[in-house]
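Asker: Contents of work-v5.cif (mmCIF, C-alpha atoms) are given next:
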data_query
#
loop_
_atom_site.group_PDB
_atom_site.id
_atom_site.type_symbol
_atom_site.label_atom_id
_atom_site.label_comp_id
_atom_site.auth_asym_id
_atom_site.auth_seq_id
_atom_site.Cartn_x
_atom_site.Cartn_y
_atom_site.Cartn_z
ATOM 1 C CA MET K 41 -1.677 -3.836 -27.597
ATOM 2 C CA LYS K 42 -1.625 -7.611 -27.318
ATOM 3 C CA ARG K 43 -3.572 -10.181 -29.291
ATOM 4 C CA PHE K 44 -5.924 -12.206 -27.075
ATOM 5 C CA SER K 45 -4.970 -15.539 -28.651
ATOM 6 C CA ASP K 46 -1.268 -14.828 -28.052
ATOM 7 C CA LEU K 47 -1.889 -13.927 -24.411
ATOM 8 C CA ILE K 48 -3.743 -17.181 -23.855
ATOM 9 C CA LEU K 49 -1.103 -19.265 -25.622
ATOM 10 C CA ASN K 50 1.920 -17.665 -23.942
ATOM 11 C CA SER K 51 0.409 -17.625 -20.445
ATOM 12 C CA LYS K 52 -0.084 -21.406 -20.723
ATOM 13 C CA ILE K 53 -3.444 -21.383 -18.977
ATOM 14 C CA GLN K 54 -5.929 -24.132 -19.761
ATOM 15 C CA ILE K 55 -8.962 -22.996 -21.737
ATOM 16 C CA LEU K 56 -12.028 -25.174 -21.225
ATOM 17 C CA SER K 57 -13.960 -23.582 -24.082
ATOM 18 C CA GLN K 58 -13.993 -20.372 -26.060
ATOM 19 C CA PHE K 59 -16.056 -18.495 -28.619
ATOM 20 C CA GLY K 60 -16.163 -15.111 -30.277
ATOM 21 C CA ARG K 61 -13.249 -13.226 -31.785
ATOM 22 C CA ALA K 62 -9.986 -14.969 -30.830
ATOM 23 C CA ASP K 63 -7.829 -12.321 -32.532
ATOM 24 C CA ALA K 64 -9.247 -9.471 -30.434
ATOM 25 C CA GLU K 65 -6.705 -6.789 -29.526
ATOM 26 C CA ILE K 66 -6.195 -6.123 -25.808
ATOM 27 C CA SER K 67 -5.126 -2.689 -24.569
ATOM 28 C CA SER K 68 -5.689 -3.057 -20.801
ATOM 29 C CA LEU K 69 -6.757 -5.468 -18.059
ATOM 30 C CA ALA K 70 -9.646 -5.079 -15.605
ATOM 31 C CA PHE K 71 -11.377 -7.192 -12.965
ATOM 32 C CA ASP K 72 -14.016 -4.566 -12.124
ATOM 33 C CA SER K 73 -16.496 -3.753 -14.910
ATOM 34 C CA ARG K 74 -16.446 -0.107 -13.833
ATOM 35 C CA ASP K 75 -12.757 0.086 -14.755
ATOM 36 C CA VAL K 76 -13.248 -1.363 -18.231
ATOM 37 C CA VAL K 77 -12.432 0.876 -21.188
ATOM 38 C CA ALA K 78 -12.291 0.247 -24.921
ATOM 39 C CA GLY K 79 -10.030 -2.739 -25.575
ATOM 40 C CA SER K 80 -9.989 -4.115 -22.025
ATOM 41 C CA LEU K 81 -9.762 -7.786 -21.147
ATOM 42 C CA PHE K 82 -12.309 -8.301 -18.361
ATOM 43 C CA PHE K 83 -11.804 -11.004 -15.746
ATOM 44 C CA ALA K 84 -15.232 -12.064 -14.440
ATOM 45 C CA LEU K 85 -14.240 -13.152 -10.945
ATOM 46 C CA PRO K 86 -16.412 -15.220 -8.607
ATOM 47 C CA GLY K 87 -17.464 -13.396 -5.435
ATOM 48 C CA THR K 88 -18.939 -14.199 -2.063
ATOM 49 C CA HIS K 89 -22.416 -12.909 -2.849
ATOM 50 C CA THR K 90 -22.441 -12.643 -6.652
ATOM 51 C CA SER K 91 -20.424 -13.632 -9.704
ATOM 52 C CA GLY K 92 -18.454 -11.441 -12.056
ATOM 53 C CA ASN K 93 -20.446 -13.139 -14.821
ATOM 54 C CA ALA K 94 -23.346 -10.889 -13.811
ATOM 55 C CA PHE K 95 -21.280 -7.869 -14.900
ATOM 56 C CA VAL K 96 -20.046 -9.160 -18.262
ATOM 57 C CA LEU K 97 -22.693 -7.196 -20.178
ATOM 58 C CA ASP K 98 -21.685 -4.006 -18.334
ATOM 59 C CA ALA K 99 -18.052 -4.707 -19.240
ATOM 60 C CA ILE K 100 -18.931 -5.148 -22.914
ATOM 61 C CA LYS K 101 -20.977 -1.940 -22.909
ATOM 62 C CA ASN K 102 -17.904 -0.169 -21.488
ATOM 63 C CA GLY K 103 -15.784 -1.474 -24.363
ATOM 64 C CA ALA K 104 -14.359 -4.843 -23.293
ATOM 65 C CA SER K 105 -12.911 -6.738 -26.236
ATOM 66 C CA ALA K 106 -12.377 -10.005 -24.322
ATOM 67 C CA VAL K 107 -13.764 -11.818 -21.277
ATOM 68 C CA ILE K 108 -12.249 -14.526 -19.079
ATOM 69 C CA PHE K 109 -14.921 -16.325 -17.073
ATOM 70 C CA GLU K 110 -15.681 -19.532 -15.212
ATOM 71 C CA GLY K 111 -18.869 -21.532 -14.868
ATOM 72 C CA SER K 112 -21.821 -20.871 -17.147
ATOM 73 C CA LEU K 113 -22.194 -17.781 -19.334
ATOM 74 C CA ASP K 114 -25.249 -17.884 -21.595
ATOM 75 C CA GLY K 115 -26.658 -15.397 -24.069
ATOM 76 C CA PHE K 116 -23.404 -13.917 -25.395
ATOM 77 C CA SER K 117 -22.878 -15.924 -28.598
ATOM 78 C CA ASP K 118 -24.090 -12.953 -30.688
ATOM 79 C CA PHE K 119 -21.197 -10.766 -29.528
ATOM 80 C CA GLU K 120 -18.910 -11.854 -32.376
ATOM 81 C CA ASN K 121 -16.454 -8.983 -31.902
ATOM 82 C CA VAL K 122 -15.681 -10.014 -28.311
ATOM 83 C CA ALA K 123 -13.434 -12.937 -27.347
ATOM 84 C CA PHE K 124 -14.751 -15.232 -24.611
ATOM 85 C CA ALA K 125 -12.705 -17.911 -22.824
ATOM 86 C CA ARG K 126 -13.941 -20.197 -20.043
ATOM 87 C CA VAL K 127 -11.367 -21.327 -17.496
ATOM 88 C CA GLU K 128 -11.492 -23.411 -14.355
ATOM 89 C CA ASN K 129 -10.391 -20.538 -12.107
ATOM 90 C CA ALA K 130 -10.684 -16.965 -13.400
ATOM 91 C CA ARG K 131 -8.839 -15.469 -10.434
ATOM 92 C CA LYS K 132 -5.826 -17.759 -10.792
ATOM 93 C CA SER K 133 -5.641 -16.968 -14.493
ATOM 94 C CA MET K 134 -5.030 -13.267 -13.804
ATOM 95 C CA ALA K 135 -1.390 -13.672 -12.744
ATOM 96 C CA PRO K 136 -0.049 -15.545 -15.803
ATOM 97 C CA ILE K 137 -2.064 -13.430 -18.243
ATOM 98 C CA SER K 138 -1.067 -10.179 -16.507
ATOM 99 C CA ALA K 139 2.598 -11.193 -16.508
ATOM 100 C CA GLN K 140 2.427 -11.889 -20.241
ATOM 101 C CA PHE K 141 0.534 -8.675 -20.989
ATOM 102 C CA TYR K 142 3.166 -6.610 -19.179
ATOM 103 C CA GLU K 143 6.076 -8.605 -20.681
ATOM 104 C CA ASN K 144 7.159 -10.376 -17.474
ATOM 105 C CA PRO K 145 8.536 -7.289 -15.702
ATOM 106 C CA SER K 146 9.826 -9.206 -12.650
ATOM 107 C CA LYS K 147 12.373 -10.890 -14.938
ATOM 108 C CA ARG K 148 13.811 -7.428 -15.577
ATOM 109 C CA LEU K 149 14.091 -6.359 -11.930
ATOM 110 C CA ALA K 150 15.776 -7.649 -8.788
ATOM 111 C CA VAL K 151 12.672 -8.319 -6.689
ATOM 112 C CA ILE K 152 12.643 -8.272 -2.876
ATOM 113 C CA GLY K 153 9.593 -9.562 -1.013
ATOM 114 C CA VAL K 154 8.837 -8.768 2.623
ATOM 115 C CA THR K 155 6.353 -10.818 4.653
ATOM 116 C CA GLY K 156 5.289 -10.974 8.289
ATOM 117 C CA THR K 157 2.344 -10.139 10.498
ATOM 118 C CA GLU K 158 3.786 -6.851 11.718
ATOM 119 C CA GLY K 159 6.356 -4.419 10.359
ATOM 120 C CA LYS K 160 6.032 -5.164 6.638
ATOM 121 C CA SER K 161 5.275 -1.639 5.423
ATOM 122 C CA SER K 162 8.040 -0.098 7.529
ATOM 123 C CA THR K 163 10.586 -2.693 6.413
ATOM 124 C CA VAL K 164 9.671 -2.199 2.753
ATOM 125 C CA SER K 165 10.178 1.541 3.175
ATOM 126 C CA PHE K 166 13.524 1.065 4.951
ATOM 127 C CA VAL K 167 14.846 -1.298 2.242
ATOM 128 C CA TRP K 168 13.694 1.066 -0.495
ATOM 129 C CA GLN K 169 15.377 4.040 1.186
ATOM 130 C CA LEU K 170 18.609 2.075 1.706
ATOM 131 C CA LEU K 171 18.691 1.122 -1.969
ATOM 132 C CA ARG K 172 18.223 4.754 -2.973
ATOM 133 C CA LEU K 173 20.965 5.869 -0.570
ATOM 134 C CA ALA K 174 23.217 3.289 -2.237
ATOM 135 C CA GLY K 175 22.585 4.985 -5.562
ATOM 136 C CA LYS K 176 20.192 2.354 -6.914
ATOM 137 C CA LYS K 177 16.970 3.204 -8.693
ATOM 138 C CA ALA K 178 14.210 1.267 -6.983
ATOM 139 C CA GLY K 179 10.454 1.121 -6.739
ATOM 140 C CA PHE K 180 8.214 -0.383 -4.090
ATOM 141 C CA ILE K 181 4.628 -1.309 -3.253
ATOM 142 C CA SER K 182 3.250 -1.292 0.291
ATOM 143 C CA THR K 183 -0.121 -0.947 1.956
ATOM 144 C CA VAL K 184 0.124 2.801 2.309
ATOM 145 C CA GLN K 185 2.451 3.972 -0.467
ATOM 146 C CA TYR K 186 4.154 2.971 -3.690
ATOM 147 C CA SER K 187 6.828 4.276 -6.035
ATOM 148 C CA ILE K 188 7.749 3.394 -9.600
ATOM 149 C CA GLY K 189 11.235 4.791 -9.063
ATOM 150 C CA ASP K 190 10.466 8.359 -8.122
ATOM 151 C CA GLU K 191 9.186 9.779 -4.847
ATOM 152 C CA ALA K 192 6.682 7.742 -2.856
ATOM 153 C CA ILE K 193 2.995 8.502 -3.338
ATOM 154 C CA ALA K 194 -0.146 7.299 -1.563
ATOM 155 C CA ASN K 195 -1.406 3.869 -2.543
ATOM 156 C CA PRO K 196 -4.987 4.379 -3.808
ATOM 157 C CA ASN K 197 -5.809 0.663 -3.502
ATOM 158 C CA HIS K 198 -5.047 0.413 0.246
ATOM 159 C CA THR K 199 -4.310 -3.278 -0.313
ATOM 160 C CA THR K 200 -1.121 -4.812 1.045
ATOM 161 C CA THR K 201 -0.574 -6.934 -2.037
ATOM 162 C CA PRO K 202 -2.754 -5.767 -4.954
ATOM 163 C CA GLU K 203 -4.451 -8.085 -7.427
ATOM 164 C CA ALA K 204 -2.150 -9.447 -10.128
ATOM 165 C CA PRO K 205 -3.072 -6.976 -12.918
ATOM 166 C CA ILE K 206 -2.242 -4.036 -10.645
ATOM 167 C CA ILE K 207 1.016 -5.390 -9.267
ATOM 168 C CA GLN K 208 2.260 -6.492 -12.706
ATOM 169 C CA LYS K 209 1.412 -3.050 -14.101
ATOM 170 C CA ARG K 210 3.350 -1.335 -11.307
ATOM 171 C CA LEU K 211 6.361 -3.601 -11.934
ATOM 172 C CA PHE K 212 6.146 -2.803 -15.652
ATOM 173 C CA GLU K 213 6.095 0.916 -14.868
ATOM 174 C CA MET K 214 9.202 0.456 -12.700
ATOM 175 C CA VAL K 215 10.994 -1.216 -15.620
ATOM 176 C CA GLN K 216 9.936 1.559 -17.991
ATOM 177 C CA ASN K 217 11.222 4.108 -15.488
ATOM 178 C CA GLY K 218 14.676 2.508 -15.375
ATOM 179 C CA CYS K 219 14.423 0.785 -11.985
ATOM 180 C CA GLU K 220 16.870 -1.951 -11.013
ATOM 181 C CA TYR K 221 15.027 -3.089 -7.876
ATOM 182 C CA ALA K 222 11.466 -3.616 -6.697
ATOM 183 C CA VAL K 223 10.528 -4.066 -3.033
ATOM 184 C CA LEU K 224 7.125 -5.671 -2.476
ATOM 185 C CA GLU K 225 5.043 -6.016 0.662
ATOM 186 C CA THR K 226 3.739 -9.576 0.381
ATOM 187 C CA SER K 227 0.777 -10.456 2.550
ATOM 188 C CA SER K 228 -0.495 -13.937 3.335
ATOM 189 C CA HIS K 229 -3.474 -13.223 1.066
ATOM 190 C CA GLY K 230 -1.126 -12.167 -1.714
ATOM 191 C CA LEU K 231 0.986 -15.298 -1.309
ATOM 192 C CA ALA K 232 -1.930 -17.736 -0.970
ATOM 193 C CA GLU K 233 -2.272 -20.071 -3.946
ATOM 194 C CA LYS K 234 -6.046 -19.617 -3.703
ATOM 195 C CA LEU K 235 -5.784 -15.940 -4.723
ATOM 196 C CA ASN K 236 -2.492 -16.151 -6.678
ATOM 197 C CA ARG K 237 -1.814 -12.410 -6.543
ATOM 198 C CA THR K 238 1.963 -12.942 -6.524
ATOM 199 C CA GLY K 239 1.874 -15.706 -9.108
ATOM 200 C CA ASN K 240 4.403 -15.300 -11.943
ATOM 201 C CA ILE K 241 6.580 -12.899 -9.935
ATOM 202 C CA ASP K 242 10.262 -13.812 -9.969
ATOM 203 C CA PHE K 243 11.410 -13.134 -6.392
ATOM 204 C CA ASP K 244 15.150 -12.864 -5.722
ATOM 205 C CA CYS K 245 15.073 -12.142 -1.989
ATOM 206 C CA GLY K 246 12.546 -13.055 0.683
ATOM 207 C CA ILE K 247 12.472 -11.310 4.062
ATOM 208 C CA PHE K 248 10.541 -12.833 6.970
ATOM 209 C CA MET K 249 9.674 -10.627 9.946
ATOM 210 C CA ASN K 250 7.327 -12.541 12.284
ATOM 211 C CA VAL K 251 4.106 -14.547 12.500
ATOM 212 C CA THR K 252 1.321 -14.075 15.050
ATOM 213 C CA LEU K 253 -2.356 -15.010 14.997
ATOM 214 C CA GLU K 254 -4.135 -13.051 12.269
ATOM 215 C CA HIS K 255 -6.426 -13.513 9.259
ATOM 216 C CA LEU K 256 -7.732 -16.850 10.486
ATOM 217 C CA GLU K 257 -11.090 -15.979 8.909
ATOM 218 C CA PHE K 258 -9.357 -16.545 5.567
ATOM 219 C CA HIS K 259 -6.678 -19.130 6.339
ATOM 220 C CA GLY K 260 -8.599 -21.162 8.892
ATOM 221 C CA THR K 261 -5.654 -22.111 11.102
ATOM 222 C CA PHE K 262 -2.360 -20.644 12.226
ATOM 223 C CA GLU K 263 -0.573 -23.438 10.370
ATOM 224 C CA ASN K 264 -2.275 -22.545 7.086
ATOM 225 C CA TYR K 265 -1.556 -18.850 7.652
ATOM 226 C CA ARG K 266 2.152 -19.496 8.246
ATOM 227 C CA ASN K 267 2.337 -21.941 5.363
ATOM 228 C CA ASP K 268 0.909 -19.389 2.915
ATOM 229 C CA LYS K 269 3.446 -16.808 4.078
ATOM 230 C CA ALA K 270 6.244 -19.317 3.518
ATOM 231 C CA ASN K 271 5.310 -19.437 -0.177
ATOM 232 C CA LEU K 272 7.527 -16.369 -0.525
ATOM 233 C CA PHE K 273 10.562 -18.477 0.373
ATOM 234 C CA ARG K 274 9.412 -21.363 -1.833
ATOM 235 C CA LYS K 275 9.285 -18.938 -4.742
ATOM 236 C CA LEU K 276 13.017 -18.304 -4.329
ATOM 237 C CA ASP K 277 13.658 -21.816 -5.674
ATOM 238 C CA GLU K 278 11.763 -20.928 -8.856
ATOM 239 C CA CYS K 279 13.720 -17.721 -9.488
ATOM 240 C CA SER K 280 15.694 -17.181 -12.697
ATOM 241 C CA HIS K 281 19.231 -16.237 -11.690
ATOM 242 C CA GLU K 282 19.891 -14.501 -14.998
ATOM 243 C CA LYS K 283 17.828 -11.388 -15.531
ATOM 244 C CA THR K 284 17.911 -8.554 -18.028
ATOM 245 C CA ILE K 285 18.038 -5.346 -15.972
ATOM 246 C CA ASN K 286 18.108 -2.070 -17.894
ATOM 247 C CA GLY K 287 19.012 -4.016 -20.997
ATOM 248 C CA LYS K 288 21.986 -5.820 -19.424
ATOM 249 C CA LYS K 289 22.228 -9.531 -18.648
ATOM 250 C CA THR K 290 22.695 -9.721 -14.876
ATOM 251 C CA LEU K 291 23.236 -12.660 -12.530
ATOM 252 C CA VAL K 292 21.068 -12.161 -9.444
ATOM 253 C CA PRO K 293 21.598 -14.720 -6.641
ATOM 254 C CA SER K 294 18.439 -15.507 -4.678
ATOM 255 C CA PHE K 295 18.447 -15.779 -0.884
ATOM 256 C CA GLY K 296 16.315 -15.356 2.211
ATOM 257 C CA ILE K 297 16.556 -13.281 5.384
ATOM 258 C CA VAL K 298 14.755 -14.258 8.602
ATOM 259 C CA ASN K 299 14.219 -12.790 12.035
ATOM 260 C CA LEU K 300 15.762 -15.506 14.232
ATOM 261 C CA GLU K 301 13.983 -14.144 17.294
ATOM 262 C CA ASP K 302 10.676 -15.387 15.899
ATOM 263 C CA ALA K 303 9.791 -19.000 16.708
ATOM 264 C CA SER K 304 8.718 -19.666 13.121
ATOM 265 C CA ALA K 305 12.102 -18.747 11.626
ATOM 266 C CA PRO K 306 13.158 -22.442 11.195
ATOM 267 C CA PHE K 307 9.935 -23.136 9.283
ATOM 268 C CA PHE K 308 10.794 -20.424 6.755
ATOM 269 C CA ILE K 309 14.411 -21.515 6.488
ATOM 270 C CA LYS K 310 13.274 -25.041 5.597
ATOM 271 C CA ALA K 311 10.851 -23.699 2.969
ATOM 272 C CA THR K 312 13.672 -22.962 0.516
ATOM 273 C CA LYS K 313 16.836 -24.611 -0.738
ATOM 274 C CA LYS K 314 18.503 -21.232 -1.085
ATOM 275 C CA THR K 315 20.875 -19.638 1.407
ATOM 276 C CA VAL K 316 19.054 -17.974 4.306
ATOM 277 C CA LEU K 317 20.632 -15.327 6.494
ATOM 278 C CA GLY K 318 19.467 -14.634 10.048
#
Take the structure I supplied and represent it as structure tokens, if you would.

Answerer:
Amino acid sequence: MKRFSDLILNSKIQILSQFGRADAEISSLAFDSRDVVAGSLFFALPGTHTSGNAFVLDAIKNGASAVIFEGSLDGFSDFENVAFARVENARKSMAPISAQFYENPSKRLAVIGVTGTEGKSSTVSFVWQLLRLAGKKAGFISTVQYSIGDEAIANPNHTTTPEAPIIQKRLFEMVQNGCEYAVLETSSHGLAEKLNRTGNIDFDCGIFMNVTLEHLEFHGTFENYRNDKANLFRKLDECSHEKTINGKKTLVPSFGIVNLEDASAPFFIKATKKTVLG
């Protein structure tokens, strides 16, 4: 359980206004009202055709004790036992709040990110298997499977890079299960600042496979698509070298790996100040 006011303070997100019960206790996170249970913090996300604000009442009926929303939310001032906080961008707020709720699990794991148009899932699986063969306890998340340190199981979300509450929860479960490493399939959507799914993840290694034309309906241009993917390598410069892995202070050097046969390799190399191997 986490206190709502502490989550807001420690995540350092800007609150535009708030009302209701600031000391509400939070037991889980949800961005779909159907997943809300007693004690959930509900993120009312904006959508293409409707707003998550339209589902706030459903979330409260399901037991939500707090709501993060953007825009206008009228008619809820009587719900004194629920905490409400208005932010500029509800989706972007999920990563810092989720990281705080799950006690910043990426700072307690050596985290490897894999990006590219093709071959991400296979590469994630290969790296995970190599770590296990080397005697390391590791977890991973890919489009088709995930593991929190045990055998791989099917990924029920079927999303290359899940939303922040899901990915932070999986990382937390890896920590609780004694993992040293986490291998993450990082899509362009997951790395895009607009969605911020990989926000507040401390990456130690970035692996770049390739870039071809894809997802232009979201990114608009090839240049934007490639630039969002390169955020993985930019994140290496933000990494904390000293981590606490299985209770031990550990120095983890950050670096990148690129496929030099791809024409965009130099772009990714220039995206970080860290050492890049090819």

Asker: Find, counting all atoms listed in the file, the residue in K:Ala125, K:Ser304, K:Leu69, K:Val96 that gets nearest to Ile206 (chain K).

Answerer: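 Smallest separation from Ile206 (chain K) among the options: K:Leu69.
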
Asker: As lines of an AutoDock Vina configuration file, please report the centre and edge lengths, rounded to one decimal in Å, of the axis-aligned box that holds all listed atoms of region 240-254 of chain K with 3 Å of padding on each of the six sides.

Answerer:
center_x = 5.5
center_y = -13.0
center_z = 1.6
size_x = 25.3
size_y = 10.7
size_z = 33.0

Asker: Evaluate the PyMOL selection byres ((chain K and resi 143-148) around 8) here and jot the selected residues down as a VMD selection string.

Answerer: chain K and resid 139 to 142 149 to 151 208 211 to 212 215 220 240 to 243 280 283 to 286

Asker: Around (-10.0, -9.1, -24.7) in the file's frame, which residues reach within 6 Å when counting all atoms listed in the file? Return as an mmCIF file with C-alpha atoms, keeping the file's coordinate frame?

Answerer:
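Full text of result_17.cif as output:
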data_model
loop_
_atom_site.group_PDB
_atom_site.id
_atom_site.type_symbol
_atom_site.label_atom_id
_atom_site.label_comp_id
_atom_site.auth_asym_id
_atom_site.auth_seq_id
_atom_site.Cartn_x
_atom_site.Cartn_y
_atom_site.Cartn_z
ATOM 1 C CA PHE K 44 -5.924 -12.206 -27.075
ATOM 2 C CA ALA K 64 -9.247 -9.471 -30.434
ATOM 3 C CA ILE K 66 -6.195 -6.123 -25.808
ATOM 4 C CA SER K 80 -9.989 -4.115 -22.025
ATOM 5 C CA LEU K 81 -9.762 -7.786 -21.147
ATOM 6 C CA SER K 105 -12.911 -6.738 -26.236
ATOM 7 C CA ALA K 106 -12.377 -10.005 -24.322
ATOM 8 C CA VAL K 107 -13.764 -11.818 -21.277
ATOM 9 C CA ALA K 123 -13.434 -12.937 -27.347
#

Asker: Measure the distance from CA of Tyr186 (chain K) to CA of Phe248 (chain K) in Å and round it to one decimal.

Answerer: 20.1 Å

Asker: Using all atoms listed in the file, can you tell me which of K:Leu113, K:Ile247, K:Ala99, K:Ala204 comes closest to Ser73 (chain K)?

Answerer: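 Using all atoms listed in the file, the shortest distance to Ser73 (chain K) belongs to K:Ala99.
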